[in-house]
Amino acid sequence: MKIYLDTANLGEIREAARWGILSGVTTNPSLMAQEEGADFEDTIRTICELVNGPISAETVSEDADGMVREGVEFAGWHSNVIIKVPSTTEGLEAVSRLGRRGIRCNVTLIFNTNQALLAALAGAFVVSPFIGRVDDMSYDGMELIREIAEVFDQDPDIRTQILAASIRHPRHVTESALAGAHIATCPFNVLRKCMQHPLTDRGMASFLADWRKREAAMALATAGS
């Protein structure tokens with residue numbers, strides 16, 4: 001499973017890109033709104049320079065014509081830009097029309113399998129089920145991932161990838177991979193927590209303490225010779 005970062009914060013993207021594990025980045029209007037004073041186009045162009053992979057830029061139009069117009073503009077900024085559209089009937093039309101232009105789309109705000117299936121049939125590059133928000137509604141977000149994966153696997157013509165979104169904690173990342181997601185897009189704090197474990201910290205402290213004892217003993221031996 002590939003890992004994307006879900007943010008519009010350039011500092012977070014630079015840091016995560018330095019780790020060498022990012023395959024892409026997802027943004028949305030809410031994430032952009034958190035970056036006060038940031039220009040949308042400049043931000044997307046900079047992200048494309050930092051991460052060599054699909055970068056989602058979301059449309060804000062509610063009709064297909066507007067989504068297509070924005071999508072064509074955004075796609076012109078960089079070859080790695082993919083266009084994020086909502087899971088609506090207007091969004092389906094936009095996906096189909098943009099696909100005929102060779103422009104890839106990420107259909108977002110997926111909350112059931114039918115939405116994912118129709119988006120795939122329209123030609124979506126990825127579909128984004130929001131597992132955390134599904135859990136919030138007392139349904140099983142991971143069961144949704146599994147169901148979409150099973151449906152997609154039954155049709156060899158479907159090449160759409162499943163992108164697990166609304167990741168809330170590190171366990172969501174593991175469970176998404178086990179459920180059949182191709183991609184998980186994570187907030188920076190969740191991605192950082194994926195590499196944190198108290199036993200790792202204790203092990204490092206123990207190794208370093210033993211090394212320092214060895215160095216001190218060697219220094220004493222050298223001084224006494």
# chains A, B, ... in the order shown; residues from 1 in each chain; ligands from 1

call {"tool": "residues_around", "arguments": {"residues": "segment 27-40 of chain A", "least_positions_apart": "5", "cutoff": "8 Å", "atoms": "only C-alpha atoms", "output": "short mmCIF file (atom, residue, chain, number, x, y, z; two decimals) with all heavy atoms, in the first residue's frame"}}
result
data_model
loop_
_atom_site.label_atom_id
_atom_site.label_comp_id
_atom_site.auth_asym_id
_atom_site.auth_seq_id
_atom_site.Cartn_x
_atom_site.Cartn_y
_atom_site.Cartn_z
N ASP A 6 -1.90 13.93 3.82
CA ASP A 6 -3.14 14.70 3.68
C ASP A 6 -2.95 16.06 4.34
O ASP A 6 -3.23 16.22 5.54
CB ASP A 6 -4.30 13.93 4.32
CG ASP A 6 -5.65 14.54 4.01
OD1 ASP A 6 -5.82 15.06 2.88
OD2 ASP A 6 -6.55 14.49 4.88
N THR A 7 -2.48 17.04 3.58
CA THR A 7 -2.17 18.35 4.13
C THR A 7 -1.91 19.33 3.00
O THR A 7 -1.63 18.92 1.87
CB THR A 7 -0.94 18.29 5.06
OG1 THR A 7 -0.73 19.55 5.68
CG2 THR A 7 0.31 17.94 4.26
N ALA A 8 -1.98 20.62 3.33
CA ALA A 8 -1.53 21.66 2.41
C ALA A 8 -0.39 22.45 3.04
O ALA A 8 0.01 23.49 2.50
CB ALA A 8 -2.69 22.59 2.05
N ASN A 9 0.13 21.95 4.16
CA ASN A 9 1.21 22.63 4.87
C ASN A 9 2.55 22.23 4.27
O ASN A 9 2.95 21.06 4.33
CB ASN A 9 1.16 22.27 6.36
CG ASN A 9 2.19 23.01 7.16
OD1 ASN A 9 3.36 22.65 7.18
ND2 ASN A 9 1.77 24.07 7.84
N ILE A 55 -0.77 14.50 -6.99
CA ILE A 55 -1.09 15.57 -6.05
C ILE A 55 -2.54 16.00 -6.30
O ILE A 55 -2.85 16.52 -7.37
CB ILE A 55 -0.15 16.79 -6.23
CG1 ILE A 55 1.32 16.36 -6.25
CG2 ILE A 55 -0.43 17.83 -5.16
CD1 ILE A 55 1.80 15.65 -5.02
N SER A 56 -3.41 15.78 -5.33
CA SER A 56 -4.83 16.08 -5.51
C SER A 56 -5.12 17.55 -5.26
O SER A 56 -4.79 18.09 -4.20
CB SER A 56 -5.69 15.24 -4.55
OG SER A 56 -5.72 13.90 -4.94
N ALA A 57 -5.75 18.19 -6.25
CA ALA A 57 -6.21 19.57 -6.13
C ALA A 57 -7.72 19.55 -6.34
O ALA A 57 -8.21 19.09 -7.38
CB ALA A 57 -5.53 20.46 -7.16
N GLU A 58 -8.47 20.05 -5.36
CA GLU A 58 -9.92 19.88 -5.38
C GLU A 58 -10.66 21.06 -6.00
O GLU A 58 -10.35 22.23 -5.72
CB GLU A 58 -10.44 19.66 -3.96
CG GLU A 58 -11.90 19.29 -3.90
CD GLU A 58 -12.31 18.66 -2.59
OE1 GLU A 58 -11.43 18.28 -1.81
OE2 GLU A 58 -13.54 18.55 -2.35
N VAL A 60 -14.06 23.44 -6.54
CA VAL A 60 -15.07 23.97 -5.62
C VAL A 60 -16.40 24.25 -6.32
O VAL A 60 -17.37 24.64 -5.68
CB VAL A 60 -14.57 25.24 -4.91
CG1 VAL A 60 -13.42 24.91 -3.97
CG2 VAL A 60 -14.17 26.32 -5.89
#

call {"tool": "residues_around", "arguments": {"residues": "Ile145 of chain A", "least_positions_apart": "6", "cutoff": "10 Å", "atoms": "only C-alpha atoms", "output": "list in words"}}
result
Phe111, Asn112, Thr113, Ala116, Ser128, Pro129, Phe130, Ile131, Ile162, Leu163, Ala164, Glu175, Ser176, Ala177, Leu178, Ala179, Gly180 and Ala181 of chain A

call {"tool": "write_last_selection", "arguments": {"atoms": "N, CA, C and O atoms", "output": "CSV table (one decimal), in the first residue's frame"}}
result
chain,number,residue,atom,x,y,z
A,111,PHE,N,-18.9,7.4,0.7
A,111,PHE,CA,-19.4,6.8,1.9
A,111,PHE,C,-20.2,5.5,1.8
A,111,PHE,O,-20.6,4.9,2.8
A,112,ASN,N,-20.3,5.0,0.5
A,112,ASN,CA,-20.9,3.7,0.3
A,112,ASN,C,-20.3,3.1,-0.9
A,112,ASN,O,-19.7,3.8,-1.7
A,113,THR,N,-20.5,1.8,-1.1
A,113,THR,CA,-19.9,1.1,-2.2
A,113,THR,C,-20.4,1.5,-3.6
A,113,THR,O,-19.7,1.5,-4.6
A,116,ALA,N,-18.6,4.4,-4.9
A,116,ALA,CA,-17.3,4.0,-5.4
A,116,ALA,C,-17.4,3.3,-6.7
A,116,ALA,O,-16.6,3.6,-7.6
A,128,SER,N,-12.0,7.8,-2.9
A,128,SER,CA,-11.6,8.1,-1.5
A,128,SER,C,-12.7,7.9,-0.5
A,128,SER,O,-13.5,8.8,-0.2
A,129,PRO,N,-12.9,6.7,0.0
A,129,PRO,CA,-13.8,6.4,1.1
A,129,PRO,C,-13.3,7.0,2.4
A,129,PRO,O,-12.1,6.9,2.7
A,130,PHE,N,-14.2,7.7,3.1
A,130,PHE,CA,-13.8,8.4,4.3
A,130,PHE,C,-14.0,7.5,5.5
A,130,PHE,O,-15.1,7.6,6.1
A,131,ILE,N,-13.1,6.7,5.9
A,131,ILE,CA,-13.3,5.7,6.9
A,131,ILE,C,-13.6,6.2,8.3
A,131,ILE,O,-14.4,5.7,9.0
A,162,ILE,N,-8.2,2.3,-4.6
A,162,ILE,CA,-8.9,2.7,-3.4
A,162,ILE,C,-8.0,3.5,-2.5
A,162,ILE,O,-6.9,3.0,-2.1
A,163,LEU,N,-8.4,4.7,-2.2
A,163,LEU,CA,-7.6,5.6,-1.3
A,163,LEU,C,-8.3,5.8,0.0
A,163,LEU,O,-9.4,6.4,0.0
A,164,ALA,N,-7.8,5.2,1.0
A,164,ALA,CA,-8.4,5.3,2.4
A,164,ALA,C,-8.1,6.7,2.9
A,164,ALA,O,-7.0,7.1,3.1
A,175,GLU,N,-5.0,-1.3,9.2
A,175,GLU,CA,-6.3,-1.9,8.8
A,175,GLU,C,-6.7,-1.6,7.4
A,175,GLU,O,-7.3,-2.5,6.7
A,176,SER,N,-6.3,-0.4,6.9
A,176,SER,CA,-6.6,-0.1,5.5
A,176,SER,C,-5.9,-1.0,4.5
A,176,SER,O,-6.4,-1.5,3.5
A,177,ALA,N,-4.6,-1.3,4.8
A,177,ALA,CA,-3.8,-2.1,4.0
A,177,ALA,C,-4.4,-3.6,4.0
A,177,ALA,O,-4.5,-4.2,3.0
A,178,LEU,N,-4.7,-4.0,5.2
A,178,LEU,CA,-5.3,-5.4,5.3
A,178,LEU,C,-6.6,-5.5,4.6
A,178,LEU,O,-7.0,-6.6,4.1
A,179,ALA,N,-7.4,-4.4,4.6
A,179,ALA,CA,-8.7,-4.5,4.0
A,179,ALA,C,-8.7,-4.4,2.4
A,179,ALA,O,-9.7,-4.6,1.8
A,180,GLY,N,-7.5,-4.0,1.9
A,180,GLY,CA,-7.4,-4.0,0.4
A,180,GLY,C,-7.3,-2.6,-0.2
A,180,GLY,O,-7.3,-2.4,-1.4
A,181,ALA,N,-7.0,-1.6,0.6
A,181,ALA,CA,-6.8,-0.2,0.1
A,181,ALA,C,-5.4,-0.2,-0.6
A,181,ALA,O,-4.5,-0.8,-0.2

call {"tool": "residues_around", "arguments": {"residues": "Ser87 of chain A", "least_positions_apart": "3", "cutoff": "6 Å", "atoms": "only C-alpha atoms", "output": "ChimeraX atom specification"}}
result
/A:91,107-109

call {"tool": "select_by_dssp", "arguments": {"residues": "segment 6-65 of chain A", "states": "alpha helix (DSSP H)", "output": "list of chain:residue names"}}
result
A:Leu10, A:Gly11, A:Glu12, A:Ile13, A:Arg14, A:Glu15, A:Ala16, A:Ala17, A:Arg18, A:Pro29, A:Ser30, A:Leu31, A:Met32, A:Ala33, A:Phe40, A:Glu41, A:Asp42, A:Thr43, A:Ile44, A:Arg45, A:Thr46, A:Ile47, A:Cys48, A:Glu49, A:Leu50, A:Ala64, A:Asp65

call {"tool": "write_last_selection", "arguments": {"atoms": "C-alpha atoms", "output": "short mmCIF file (atom, residue, chain, number, x, y, z; two decimals), in the first residue's frame"}}
result
data_model
loop_
_atom_site.label_atom_id
_atom_site.label_comp_id
_atom_site.auth_asym_id
_atom_site.auth_seq_id
_atom_site.Cartn_x
_atom_site.Cartn_y
_atom_site.Cartn_z
CA LEU A 10 4.50 22.90 3.00
CA GLY A 11 6.57 22.43 6.14
CA GLU A 12 4.88 19.11 6.89
CA ILE A 13 5.29 18.00 3.29
CA ARG A 14 8.98 18.89 3.25
CA GLU A 15 9.56 16.95 6.46
CA ALA A 16 7.66 13.83 5.36
CA ALA A 17 9.23 13.93 1.89
CA ARG A 18 12.63 13.84 3.58
CA PRO A 29 -10.40 23.40 0.52
CA SER A 30 -10.48 22.98 4.32
CA LEU A 31 -6.77 22.15 4.44
CA MET A 32 -5.99 25.11 2.18
CA ALA A 33 -8.04 27.40 4.42
CA PHE A 40 -3.65 27.83 -4.06
CA GLU A 41 -1.80 27.59 -7.36
CA ASP A 42 1.58 28.39 -5.84
CA THR A 43 0.99 25.82 -3.10
CA ILE A 44 0.08 23.04 -5.54
CA ARG A 45 3.03 23.85 -7.80
CA THR A 46 5.41 23.76 -4.83
CA ILE A 47 4.00 20.46 -3.59
CA CYS A 48 4.57 18.99 -7.06
CA GLU A 49 8.22 19.99 -6.80
CA LEU A 50 8.56 18.38 -3.37
CA ALA A 64 -19.96 19.59 -14.02
CA ASP A 65 -19.10 22.49 -16.33
#

call {"tool": "closest_residue", "arguments": {"among": "A:Pro187, A:Arg97, A:Leu118, A:Asp140", "to": "Val25 of chain A", "atoms": "only C-alpha atoms"}}
result
A:Pro187

call {"tool": "select_by_dssp", "arguments": {"residues": "segment 90-141 of chain A", "states": "strand (DSSP E or B)", "output": "PyMOL selection string"}}
result
chain A and resi 105-110+126-130

call {"tool": "closest_residue", "arguments": {"among": "A:Asn52, A:Thr174, A:Asn189, A:Thr160", "to": "Cys105 of chain A", "atoms": "only C-alpha atoms"}}
result
A:Thr160

call {"tool": "atom_distance", "arguments": {"atom1": "atom CA of Phe152 of chain A", "atom2": "atom CA of Asn80 of chain A"}}
result
24.5 Å

call {"tool": "atom_distance", "arguments": {"atom1": "atom CA of Val173 of chain A", "atom2": "atom CA of Phe188 of chain A"}}
result
12.7 Å

call {"tool": "closest_atom_pairs", "arguments": {"of": "segment 67-181 of chain A", "to": "segment 194-204 of chain A", "cutoff": "9 Å", "atoms": "only C-alpha atoms", "output": "tab-separated table"}}
result
residue	atom	partner	partner_atom	distance
A:His169	CA	A:Cys194	CA	8.3
A:Pro170	CA	A:Cys194	CA	5.3
A:Arg171	CA	A:Cys194	CA	8.4
A:Val173	CA	A:Cys194	CA	8.4

call {"tool": "decode", "arguments": {"residues": "segment 120-170 of chain A", "atoms": "N, CA and C atoms", "output": "JSON list (two decimals), in the first residue's frame"}}
result
[["chain", "number", "residue", "atom", "x", "y", "z"],
["A", 120, "ALA", "N", -15.86, 4.59, -10.31],
["A", 120, "ALA", "CA", -14.92, 3.76, -11.08],
["A", 120, "ALA", "C", -15.41, 3.59, -12.51],
["A", 121, "LEU", "N", -16.70, 3.36, -12.68],
["A", 121, "LEU", "CA", -17.25, 3.19, -14.02],
["A", 121, "LEU", "C", -17.16, 4.48, -14.84],
["A", 122, "ALA", "N", -17.16, 5.62, -14.15],
["A", 122, "ALA", "CA", -17.00, 6.90, -14.84],
["A", 122, "ALA", "C", -15.55, 7.15, -15.25],
["A", 123, "GLY", "N", -14.64, 6.34, -14.68],
["A", 123, "GLY", "CA", -13.23, 6.47, -15.06],
["A", 123, "GLY", "C", -12.33, 7.08, -14.02],
["A", 124, "ALA", "N", -12.74, 7.08, -12.74],
["A", 124, "ALA", "CA", -11.91, 7.67, -11.69],
["A", 124, "ALA", "C", -10.57, 6.98, -11.59],
["A", 125, "PHE", "N", -9.53, 7.77, -11.36],
["A", 125, "PHE", "CA", -8.20, 7.23, -11.10],
["A", 125, "PHE", "C", -8.15, 6.63, -9.70],
["A", 126, "VAL", "N", -8.69, 7.35, -8.72],
["A", 126, "VAL", "CA", -8.83, 6.83, -7.37],
["A", 126, "VAL", "C", -10.20, 7.23, -6.81],
["A", 127, "VAL", "N", -10.69, 6.43, -5.86],
["A", 127, "VAL", "CA", -11.87, 6.79, -5.08],
["A", 127, "VAL", "C", -11.44, 6.89, -3.63],
["A", 128, "SER", "N", -12.03, 7.85, -2.90],
["A", 128, "SER", "CA", -11.61, 8.12, -1.53],
["A", 128, "SER", "C", -12.73, 7.89, -0.53],
["A", 129, "PRO", "N", -12.87, 6.66, -0.02],
["A", 129, "PRO", "CA", -13.81, 6.42, 1.08],
["A", 129, "PRO", "C", -13.28, 7.03, 2.37],
["A", 130, "PHE", "N", -14.15, 7.74, 3.09],
["A", 130, "PHE", "CA", -13.76, 8.44, 4.32],
["A", 130, "PHE", "C", -14.04, 7.53, 5.52],
["A", 131, "ILE", "N", -13.08, 6.72, 5.88],
["A", 131, "ILE", "CA", -13.32, 5.68, 6.87],
["A", 131, "ILE", "C", -13.59, 6.25, 8.26],
["A", 132, "GLY", "N", -12.88, 7.31, 8.64],
["A", 132, "GLY", "CA", -13.10, 7.89, 9.95],
["A", 132, "GLY", "C", -14.50, 8.44, 10.10],
["A", 133, "ARG", "N", -14.98, 9.11, 9.07],
["A", 133, "ARG", "CA", -16.33, 9.69, 9.13],
["A", 133, "ARG", "C", -17.40, 8.60, 9.08],
["A", 134, "VAL", "N", -17.11, 7.50, 8.38],
["A", 134, "VAL", "CA", -18.04, 6.37, 8.39],
["A", 134, "VAL", "C", -18.14, 5.80, 9.81],
["A", 135, "ASP", "N", -16.97, 5.65, 10.47],
["A", 135, "ASP", "CA", -16.97, 5.18, 11.86],
["A", 135, "ASP", "C", -17.78, 6.11, 12.75],
["A", 136, "ASP", "N", -17.68, 7.42, 12.49],
["A", 136, "ASP", "CA", -18.42, 8.39, 13.30],
["A", 136, "ASP", "C", -19.92, 8.18, 13.23],
["A", 137, "MET", "N", -20.39, 7.59, 12.12],
["A", 137, "MET", "CA", -21.82, 7.33, 11.93],
["A", 137, "MET", "C", -22.23, 5.95, 12.45],
["A", 138, "SER", "N", -21.32, 5.33, 13.24],
["A", 138, "SER", "CA", -21.56, 4.01, 13.85],
["A", 138, "SER", "C", -21.62, 2.88, 12.82],
["A", 139, "TYR", "N", -20.98, 3.10, 11.66],
["A", 139, "TYR", "CA", -20.77, 2.02, 10.70],
["A", 139, "TYR", "C", -19.29, 1.67, 10.71],
["A", 140, "ASP", "N", -18.92, 0.61, 10.01],
["A", 140, "ASP", "CA", -17.54, 0.12, 10.00],
["A", 140, "ASP", "C", -16.82, 0.61, 8.76],
["A", 141, "GLY", "N", -15.93, 1.57, 8.94],
["A", 141, "GLY", "CA", -15.18, 2.11, 7.80],
["A", 141, "GLY", "C", -14.34, 1.07, 7.09],
["A", 142, "MET", "N", -13.77, 0.14, 7.84],
["A", 142, "MET", "CA", -12.93, -0.89, 7.23],
["A", 142, "MET", "C", -13.76, -1.89, 6.43],
["A", 143, "GLU", "N", -14.97, -2.14, 6.88],
["A", 143, "GLU", "CA", -15.86, -3.02, 6.11],
["A", 143, "GLU", "C", -16.19, -2.37, 4.77],
["A", 144, "LEU", "N", -16.31, -1.05, 4.76],
["A", 144, "LEU", "CA", -16.54, -0.35, 3.50],
["A", 144, "LEU", "C", -15.36, -0.54, 2.55],
["A", 145, "ILE", "N", -14.14, -0.42, 3.06],
["A", 145, "ILE", "CA", -12.95, -0.65, 2.22],
["A", 145, "ILE", "C", -12.97, -2.07, 1.67],
["A", 146, "ARG", "N", -13.24, -3.04, 2.54],
["A", 146, "ARG", "CA", -13.25, -4.45, 2.09],
["A", 146, "ARG", "C", -14.31, -4.68, 1.02],
["A", 147, "GLU", "N", -15.48, -4.09, 1.19],
["A", 147, "GLU", "CA", -16.57, -4.30, 0.24],
["A", 147, "GLU", "C", -16.23, -3.69, -1.12],
["A", 148, "ILE", "N", -15.67, -2.47, -1.11],
["A", 148, "ILE", "CA", -15.28, -1.83, -2.37],
["A", 148, "ILE", "C", -14.22, -2.67, -3.06],
["A", 149, "ALA", "N", -13.23, -3.14, -2.29],
["A", 149, "ALA", "CA", -12.16, -3.95, -2.87],
["A", 149, "ALA", "C", -12.71, -5.23, -3.50],
["A", 150, "GLU", "N", -13.67, -5.86, -2.84],
["A", 150, "GLU", "CA", -14.26, -7.09, -3.37],
["A", 150, "GLU", "C", -15.01, -6.82, -4.67],
["A", 151, "VAL", "N", -15.76, -5.74, -4.71],
["A", 151, "VAL", "CA", -16.51, -5.39, -5.92],
["A", 151, "VAL", "C", -15.55, -5.07, -7.07],
["A", 152, "PHE", "N", -14.52, -4.30, -6.80],
["A", 152, "PHE", "CA", -13.56, -3.95, -7.85],
["A", 152, "PHE", "C", -12.83, -5.19, -8.37],
["A", 153, "ASP", "N", -12.51, -6.11, -7.47],
["A", 153, "ASP", "CA", -11.78, -7.32, -7.87],
["A", 153, "ASP", "C", -12.60, -8.21, -8.79],
["A", 154, "GLN", "N", -13.92, -8.09, -8.75],
["A", 154, "GLN", "CA", -14.77, -8.93, -9.59],
["A", 154, "GLN", "C", -14.85, -8.45, -11.03],
["A", 155, "ASP", "N", -14.38, -7.23, -11.29],
["A", 155, "ASP", "CA", -14.44, -6.68, -12.65],
["A", 155, "ASP", "C", -13.03, -6.32, -13.12],
["A", 156, "PRO", "N", -12.46, -7.14, -14.01],
["A", 156, "PRO", "CA", -11.08, -6.88, -14.44],
["A", 156, "PRO", "C", -10.91, -5.57, -15.21],
["A", 157, "ASP", "N", -12.02, -4.98, -15.66],
["A", 157, "ASP", "CA", -11.93, -3.71, -16.38],
["A", 157, "ASP", "C", -11.78, -2.52, -15.44],
["A", 158, "ILE", "N", -12.06, -2.73, -14.16],
["A", 158, "ILE", "CA", -11.91, -1.64, -13.19],
["A", 158, "ILE", "C", -10.46, -1.57, -12.73],
["A", 159, "ARG", "N", -9.82, -0.44, -13.01],
["A", 159, "ARG", "CA", -8.43, -0.23, -12.59],
["A", 159, "ARG", "C", -8.32, 0.88, -11.56],
["A", 160, "THR", "N", -9.46, 1.34, -11.10],
["A", 160, "THR", "CA", -9.50, 2.42, -10.11],
["A", 160, "THR", "C", -8.89, 1.95, -8.80],
["A", 161, "GLN", "N", -8.07, 2.81, -8.19],
["A", 161, "GLN", "CA", -7.45, 2.50, -6.92],
["A", 161, "GLN", "C", -8.30, 3.02, -5.76],
["A", 162, "ILE", "N", -8.21, 2.32, -4.64],
["A", 162, "ILE", "CA", -8.94, 2.70, -3.42],
["A", 162, "ILE", "C", -8.00, 3.47, -2.52],
["A", 163, "LEU", "N", -8.37, 4.69, -2.21],
["A", 163, "LEU", "CA", -7.58, 5.56, -1.35],
["A", 163, "LEU", "C", -8.32, 5.76, -0.03],
["A", 164, "ALA", "N", -7.79, 5.18, 1.04],
["A", 164, "ALA", "CA", -8.41, 5.31, 2.35],
["A", 164, "ALA", "C", -8.15, 6.71, 2.89],
["A", 165, "ALA", "N", -9.22, 7.47, 3.11],
["A", 165, "ALA", "CA", -9.11, 8.84, 3.60],
["A", 165, "ALA", "C", -9.77, 8.96, 4.97],
["A", 166, "SER", "N", -9.67, 10.13, 5.57],
["A", 166, "SER", "CA", -10.18, 10.36, 6.93],
["A", 166, "SER", "C", -9.53, 9.38, 7.91],
["A", 167, "ILE", "N", -8.21, 9.24, 7.77],
["A", 167, "ILE", "CA", -7.42, 8.39, 8.67],
["A", 167, "ILE", "C", -7.28, 9.11, 10.01],
["A", 168, "ARG", "N", -7.61, 8.44, 11.09],
["A", 168, "ARG", "CA", -7.62, 9.08, 12.41],
["A", 168, "ARG", "C", -6.45, 8.67, 13.30],
["A", 169, "HIS", "N", -5.87, 7.48, 13.07],
["A", 169, "HIS", "CA", -4.82, 6.97, 13.96],
["A", 169, "HIS", "C", -4.01, 5.91, 13.21],
["A", 170, "PRO", "N", -2.84, 5.54, 13.75],
["A", 170, "PRO", "CA", -1.98, 4.59, 13.05],
["A", 170, "PRO", "C", -2.64, 3.25, 12.75]]
